[in-house]
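**Student:** Here you go, final-v1.txt (compact mmCIF, C-alpha atoms):
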# COMPACT_ATOMS: atom_id res chain seq x y z
CA MET D 1 22.49 25.90 -3.67
CA SER D 2 24.90 23.58 -1.88
CA PHE D 3 23.37 20.38 -0.56
CA ILE D 4 23.16 20.21 3.24
CA LYS D 5 21.53 17.14 4.78
CA THR D 6 19.39 18.76 7.49
CA THR D 7 17.92 15.35 8.33
CA GLU D 8 21.39 14.37 9.58
CA SER D 9 22.03 17.61 11.49
CA ASP D 10 22.59 17.46 15.24
CA SER D 11 19.44 17.45 17.38
CA LYS D 12 18.55 20.71 19.11
CA TYR D 13 18.42 18.67 22.30
CA ASN D 14 21.26 16.95 24.13
CA HIS D 15 21.72 14.51 27.03
CA LEU D 16 18.47 12.80 26.14
CA GLU D 17 19.30 9.93 28.48
CA LYS D 18 19.14 12.36 31.40
CA MET D 19 15.63 13.57 30.61
CA SER D 20 12.57 12.27 32.45
CA ILE D 21 9.79 10.50 30.57
CA SER D 22 7.71 13.67 30.83
CA GLU D 23 10.51 15.82 29.38
CA LEU D 24 11.16 13.38 26.54
CA LEU D 25 7.51 13.23 25.53
CA GLN D 26 7.05 17.00 25.75
CA ASN D 27 10.14 17.70 23.66
CA ILE D 28 9.23 15.13 21.01
CA ASN D 29 5.75 16.66 20.82
CA ASN D 30 7.22 20.15 20.50
CA GLU D 31 9.20 18.98 17.48
CA ASP D 32 6.20 17.17 16.00
CA LYS D 33 4.18 20.39 16.11
CA THR D 34 6.49 21.90 13.49
CA VAL D 35 5.86 19.21 10.88
CA ALA D 36 2.45 20.35 9.59
CA LEU D 37 3.80 23.88 9.16
CA ALA D 38 6.70 22.53 7.12
CA VAL D 39 4.22 20.60 4.94
CA GLU D 40 2.16 23.78 4.48
CA LYS D 41 5.18 25.52 2.96
CA ALA D 42 5.39 22.74 0.36
CA LEU D 43 1.70 22.97 -0.69
CA PRO D 44 2.46 24.50 -4.13
CA GLN D 45 4.80 21.57 -4.88
CA ILE D 46 2.27 19.05 -3.55
CA GLN D 47 -0.41 20.57 -5.77
CA LYS D 48 1.71 20.27 -8.92
CA LEU D 49 2.53 16.60 -8.30
CA THR D 50 -1.03 15.71 -7.29
CA LYS D 51 -2.39 17.33 -10.44
CA LYS D 52 -0.06 15.15 -12.51
CA VAL D 53 -1.04 12.03 -10.55
CA VAL D 54 -4.74 12.71 -11.19
CA GLU D 55 -4.06 13.30 -14.87
CA LYS D 56 -2.20 9.98 -15.18
CA LEU D 57 -4.78 7.96 -13.23
CA LYS D 58 -7.68 9.41 -15.20
CA ALA D 59 -5.90 8.41 -18.41
CA GLY D 60 -5.63 4.80 -17.26
CA GLY D 61 -2.16 4.92 -15.73
CA ARG D 62 -0.96 3.71 -12.35
CA LEU D 63 0.76 5.37 -9.39
CA PHE D 64 3.95 3.81 -8.05
CA TYR D 65 5.73 4.61 -4.80
CA VAL D 66 9.41 3.64 -4.59
CA GLY D 67 11.33 3.80 -1.30
CA ALA D 68 13.61 2.09 1.19
CA GLY D 69 13.28 1.54 4.93
CA THR D 70 10.72 3.78 6.63
CA SER D 71 10.04 5.64 3.38
CA GLY D 72 9.35 2.41 1.52
CA ARG D 73 7.06 1.14 4.27
CA LEU D 74 5.08 4.39 4.24
CA GLY D 75 4.58 4.09 0.48
CA ILE D 76 3.38 0.51 0.83
CA LEU D 77 1.05 1.53 3.66
CA ASP D 78 -0.55 4.26 1.57
CA ALA D 79 -0.87 2.03 -1.48
CA SER D 80 -2.36 -0.84 0.51
CA GLU D 81 -5.04 1.39 2.02
CA CYS D 82 -6.41 2.67 -1.30
CA PRO D 83 -8.39 -0.47 -2.30
CA PRO D 84 -10.25 -0.96 1.01
CA THR D 85 -10.88 2.76 1.48
CA PHE D 86 -11.83 3.74 -2.05
CA GLY D 87 -12.70 0.45 -3.76
CA VAL D 88 -10.02 0.77 -6.45
CA PRO D 89 -8.10 -2.21 -7.88
CA HIS D 90 -4.97 -3.30 -6.02
CA GLU D 91 -2.99 -2.63 -9.20
CA LEU D 92 -3.85 1.10 -9.32
CA VAL D 93 -1.48 2.26 -6.56
CA ILE D 94 1.60 0.10 -6.00
CA GLY D 95 4.28 0.44 -3.32
CA LEU D 96 7.77 -0.94 -3.91
CA ILE D 97 10.45 -1.24 -1.22
CA ALA D 98 14.16 -1.96 -1.50
CA GLY D 99 14.71 -5.57 -0.46
CA GLY D 100 11.20 -6.67 -1.46
CA ASP D 101 8.36 -7.73 0.82
CA THR D 102 10.79 -9.12 3.42
CA ALA D 103 11.94 -5.54 4.06
CA ILE D 104 8.45 -4.48 5.14
CA ARG D 105 9.01 -6.19 8.50
CA LYS D 106 12.78 -6.62 8.72
CA ALA D 107 15.58 -4.43 7.41
CA VAL D 108 17.41 -5.98 4.45
CA GLU D 109 21.06 -4.96 4.68
CA PHE D 110 22.39 -2.76 1.86
CA ALA D 111 19.24 -3.29 -0.26
CA GLU D 112 18.86 0.45 -0.70
CA ASP D 113 22.41 0.86 -2.04
CA SER D 114 21.71 -0.63 -5.50
CA GLU D 115 21.23 2.02 -8.18
CA ASN D 116 19.73 -0.51 -10.60
CA GLN D 117 17.34 -2.56 -8.47
CA GLY D 118 14.60 0.07 -8.23
CA TRP D 119 14.27 0.19 -12.00
CA LYS D 120 14.32 -3.62 -12.20
CA ASP D 121 11.50 -3.78 -9.66
CA LEU D 122 9.50 -1.28 -11.73
CA GLN D 123 10.13 -3.27 -14.90
CA ASN D 124 8.77 -6.35 -13.13
CA GLU D 125 5.51 -4.39 -12.84
CA ASN D 126 5.55 -3.57 -16.58
CA ILE D 127 6.04 0.15 -15.95
CA SER D 128 5.15 2.35 -18.94
CA GLU D 129 4.79 5.98 -20.02
CA LYS D 130 1.15 5.85 -18.89
CA ASP D 131 2.27 5.55 -15.25
CA ILE D 132 3.79 7.95 -12.71
CA VAL D 133 6.46 7.12 -10.13
CA ILE D 134 6.99 8.92 -6.81
CA GLY D 135 10.32 8.33 -5.11
CA ILE D 136 10.24 8.62 -1.31
CA ALA D 137 13.46 9.22 0.64
CA ALA D 138 13.92 11.53 3.61
CA SER D 139 17.63 11.95 2.85
CA GLY D 140 17.10 12.42 -0.86
CA THR D 141 20.18 10.34 -1.56
CA THR D 142 18.99 6.70 -1.50
CA PRO D 143 20.53 5.00 -4.59
CA TYR D 144 17.59 2.57 -4.98
CA VAL D 145 15.20 5.52 -5.31
CA VAL D 146 17.35 8.03 -7.19
CA GLY D 147 18.46 5.38 -9.68
CA ALA D 148 14.87 4.33 -10.34
CA LEU D 149 13.77 7.90 -11.06
CA LYS D 150 16.70 8.54 -13.39
CA LYS D 151 15.77 5.48 -15.47
CA CYS D 152 12.13 6.57 -15.47
CA ILE D 153 13.11 9.94 -16.89
CA GLU D 154 15.24 8.23 -19.57
CA ASN D 155 12.12 6.27 -20.52
CA ASN D 156 9.73 9.25 -20.56
CA ILE D 157 7.92 8.18 -17.39
CA SER D 158 6.64 11.00 -15.16
CA THR D 159 8.37 11.32 -11.79
CA GLY D 160 7.77 12.99 -8.45
CA CYS D 161 9.42 12.70 -5.07
CA ILE D 162 8.92 13.33 -1.38
CA THR D 163 12.09 14.24 0.47
CA CYS D 164 13.16 16.39 3.41
CA ASN D 165 16.44 17.80 2.11
CA GLN D 166 16.58 20.82 -0.17
CA ALA D 167 18.71 20.43 -3.33
CA SER D 168 19.24 16.70 -2.69
CA PRO D 169 19.97 14.38 -5.65
CA LEU D 170 16.37 13.13 -5.48
CA ALA D 171 14.88 16.63 -5.39
CA THR D 172 16.97 17.74 -8.36
CA THR D 173 16.17 14.57 -10.34
CA ALA D 174 12.37 14.38 -10.01
CA GLU D 175 10.17 16.26 -12.45
CA PHE D 176 7.75 17.18 -9.66
CA PRO D 177 9.73 17.36 -6.40
CA ILE D 178 8.15 17.85 -2.98
CA VAL D 179 10.64 19.01 -0.37
CA VAL D 180 9.41 19.25 3.23
CA VAL D 181 12.24 20.66 5.35
CA VAL D 182 11.53 19.48 8.89
CA GLY D 183 15.03 20.18 10.23
CA PRO D 184 17.04 18.07 12.70
CA GLU D 185 15.35 15.11 14.35
CA PHE D 186 14.91 14.81 18.13
CA VAL D 187 17.26 11.82 18.02
CA THR D 188 19.93 12.87 15.55
CA GLY D 189 19.39 11.26 12.14
CA SER D 190 16.27 9.29 13.15
CA SER D 191 14.23 10.18 10.08
CA ARG D 192 11.46 7.77 11.08
CA MET D 193 10.32 10.63 13.32
CA LYS D 194 9.58 14.10 11.88
CA ALA D 195 10.62 13.22 8.34
CA GLY D 196 8.49 10.08 8.41
CA THR D 197 5.53 12.02 9.77
CA ALA D 198 5.91 14.60 7.01
CA GLN D 199 6.04 11.91 4.35
CA LYS D 200 2.90 10.25 5.76
CA LEU D 201 1.03 13.56 5.72
CA VAL D 202 2.00 14.24 2.11
CA LEU D 203 1.09 10.71 0.99
CA ASN D 204 -2.32 11.09 2.68
CA MET D 205 -2.86 14.33 0.79
CA ILE D 206 -1.84 13.01 -2.61
CA SER D 207 -3.79 9.73 -2.56
CA THR D 208 -6.91 11.12 -0.87
CA THR D 209 -7.11 14.08 -3.24
CA ALA D 210 -6.52 11.83 -6.24
CA MET D 211 -9.25 9.40 -5.19
CA ILE D 212 -11.74 12.24 -4.63
CA GLN D 213 -10.88 13.60 -8.07
CA LEU D 214 -11.48 10.13 -9.52
CA GLY D 215 -15.00 10.23 -8.08
CA ARG D 216 -14.40 7.74 -5.28
CA VAL D 217 -16.04 9.91 -2.60
CA LYS D 218 -19.66 11.10 -2.48
CA GLY D 219 -20.27 14.18 -0.34
CA ASN D 220 -17.69 13.34 2.31
CA LYS D 221 -18.30 9.58 2.46
CA MET D 222 -16.24 6.57 1.33
CA VAL D 223 -19.10 5.09 -0.68
CA ASP D 224 -16.82 2.68 -2.56
CA MET D 225 -15.08 1.24 0.52
CA GLN D 226 -14.78 -2.53 0.81
CA LEU D 227 -17.19 -3.94 3.40
CA SER D 228 -14.54 -6.21 4.89
CA ASN D 229 -15.51 -6.15 8.58
CA ASN D 230 -18.46 -5.42 10.85
CA LYS D 231 -17.32 -1.87 11.60
CA LEU D 232 -17.32 -1.00 7.90
CA VAL D 233 -20.65 -2.73 7.28
CA ASP D 234 -22.14 -0.67 10.12
CA ARG D 235 -20.62 2.50 8.65
CA GLY D 236 -22.06 1.61 5.26
CA LEU D 237 -25.51 1.08 6.73
CA ARG D 238 -25.41 4.47 8.43
CA MET D 239 -24.36 6.13 5.16
CA ILE D 240 -27.30 4.57 3.33
CA MET D 241 -29.79 5.41 6.10
CA THR D 242 -28.65 9.04 6.20
CA GLU D 243 -28.47 9.53 2.43
CA LEU D 244 -31.84 7.91 1.69
CA ASP D 245 -33.65 8.66 4.98
CA ILE D 246 -34.67 5.03 5.41
CA SER D 247 -34.73 2.55 8.28
CA GLU D 248 -31.85 0.28 9.24
CA LYS D 249 -33.81 -2.75 8.08
CA GLU D 250 -34.34 -1.21 4.64
CA ALA D 251 -30.66 -0.24 4.47
CA GLN D 252 -29.63 -3.79 5.38
CA ALA D 253 -31.76 -5.18 2.58
CA LEU D 254 -30.27 -2.78 0.05
CA LEU D 255 -26.70 -3.49 1.16
CA ALA D 256 -27.27 -7.25 1.13
CA LYS D 257 -28.57 -6.99 -2.43
CA HIS D 258 -26.00 -4.60 -3.92
CA LYS D 259 -22.90 -5.35 -1.76
CA ASN D 260 -21.72 -1.74 -2.15
CA VAL D 261 -22.83 1.56 -0.60
CA ARG D 262 -22.72 3.57 -3.82
CA ASN D 263 -24.66 0.94 -5.77
CA ALA D 264 -27.23 0.64 -2.99
CA ILE D 265 -27.83 4.39 -2.96
CA ASN D 266 -27.89 4.78 -6.75
CA ASN D 267 -30.24 1.86 -7.35
CA PHE D 268 -32.68 3.11 -4.69
CA GLN D 269 -32.63 6.65 -6.12
CA ASN D 270 -32.99 5.47 -9.72
CA GLY D 271 -35.50 2.72 -8.96
Would you give me this structure, written as structure tokens?

**Tutor:**
Amino acid sequence: MSFIKTTESDSKYNHLEKMSISELLQNINNEDKTVALAVEKALPQIQKLTKKVVEKLKAGGRLFYVGAGTSGRLGILDASECPPTFGVPHELVIGLIAGGDTAIRKAVEFAEDSENQGWKDLQNENISEKDIVIGIAASGTTPYVVGALKKCIENNISTGCITCNQASPLATTAEFPIVVVVGPEFVTGSSRMKAGTAQKLVLNMISTTAMIQLGRVKGNKMVDMQLSNNKLVDRGLRMIMTELDISEKEAQALLAKHKNVRNAINNFQNG
């Protein structure tokens, strides 16, 4: 199959500057509606990669996301939300972005064009065969990401990817590729839009499923979440009250003692 960059294809819409606010919003929304359907078509690929991620994490490995620009930021976002949501160590899921932490807020010129830097960044994290690396790039051509995955494969490290172009260098390099073909963007080439949304959806699916498989959810509740603000403390109290059928005062006492929803529930049930 010849490689065609659909993420760079001309928008189906033209003369955007002549559209009203209402027309712009409606047309963007119409395009956004297609993203979940595109993700659905990739479910078999998502399942294969997620299964491998779970296998690696259960065996004591780590999950790395490697990306540039929007893709890198989305990986960092997903990684950073795992500890507070599921109570896992910060070192379990790690997001790396071309250009380093500076690039999270401001674009670092040409950072993504180095074929060697991605692997260097992974080496700085003491990457090993126990770990798994997911490259994220809408285009599927980003040298920082493709180069990192190639070196991973040379070193027997499992690889996956999330991209939006069929038969791209990234898709053909990764051991477990996920290709979500969302088609042309509303603003031609602006892959922060549909492609970014697709990547976010897939990342949500992979990390959430993995954490559930690791036993970090009870019923449908985040019982290992970090109680880092009043909203989460209140949520934790309600979880304990519902699970144990006790008063708020009793739940407060349990939470104050055990500092964790799961521990509060387990100690009450076993005590």

**Student:** Do you know which residues are at most 10 Å from Arg192 of chain D counting only C-alpha atoms, after dropping those on the same chain fewer than 4 positions away, and could you put them as a ChimeraX atom specification?

**Tutor:** /D:69-71,74,138,185,187,196-199

**Student:** So how far away is atom CA of Gln117 of chain D from atom CA of Pro143 of chain D, in Å?

**Tutor:**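 Taking atom CA of Pro143 of chain D as the start and atom CA of Gln117 of chain D as the end point, the length is 9.1 Å.
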
**Student:** Between D:Val223, D:Ala111, D:Val66, D:Val202, single out the one closest to Ala148 of chain D, counting all atoms listed in the file.

**Tutor:**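 That would be D:Val66, the residue with the smallest distance to Ala148 of chain D.
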
**Student:** So which one's closest to Arg262 of chain D, D:Asp78, D:Asp224, D:Glu109, D:Asp121? Using only C-alpha atoms, please.

**Tutor:**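 Result for the nearest residue to Arg262 of chain D: D:Asp224.
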
**Student:** Restricting the calculation to only C-alpha atoms: of D:Val261, D:Cys82, D:Ile136, D:Ala36, which residue gets closest to Leu232 of chain D?

**Tutor:**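 Nearest to Leu232 of chain D: D:Val261.
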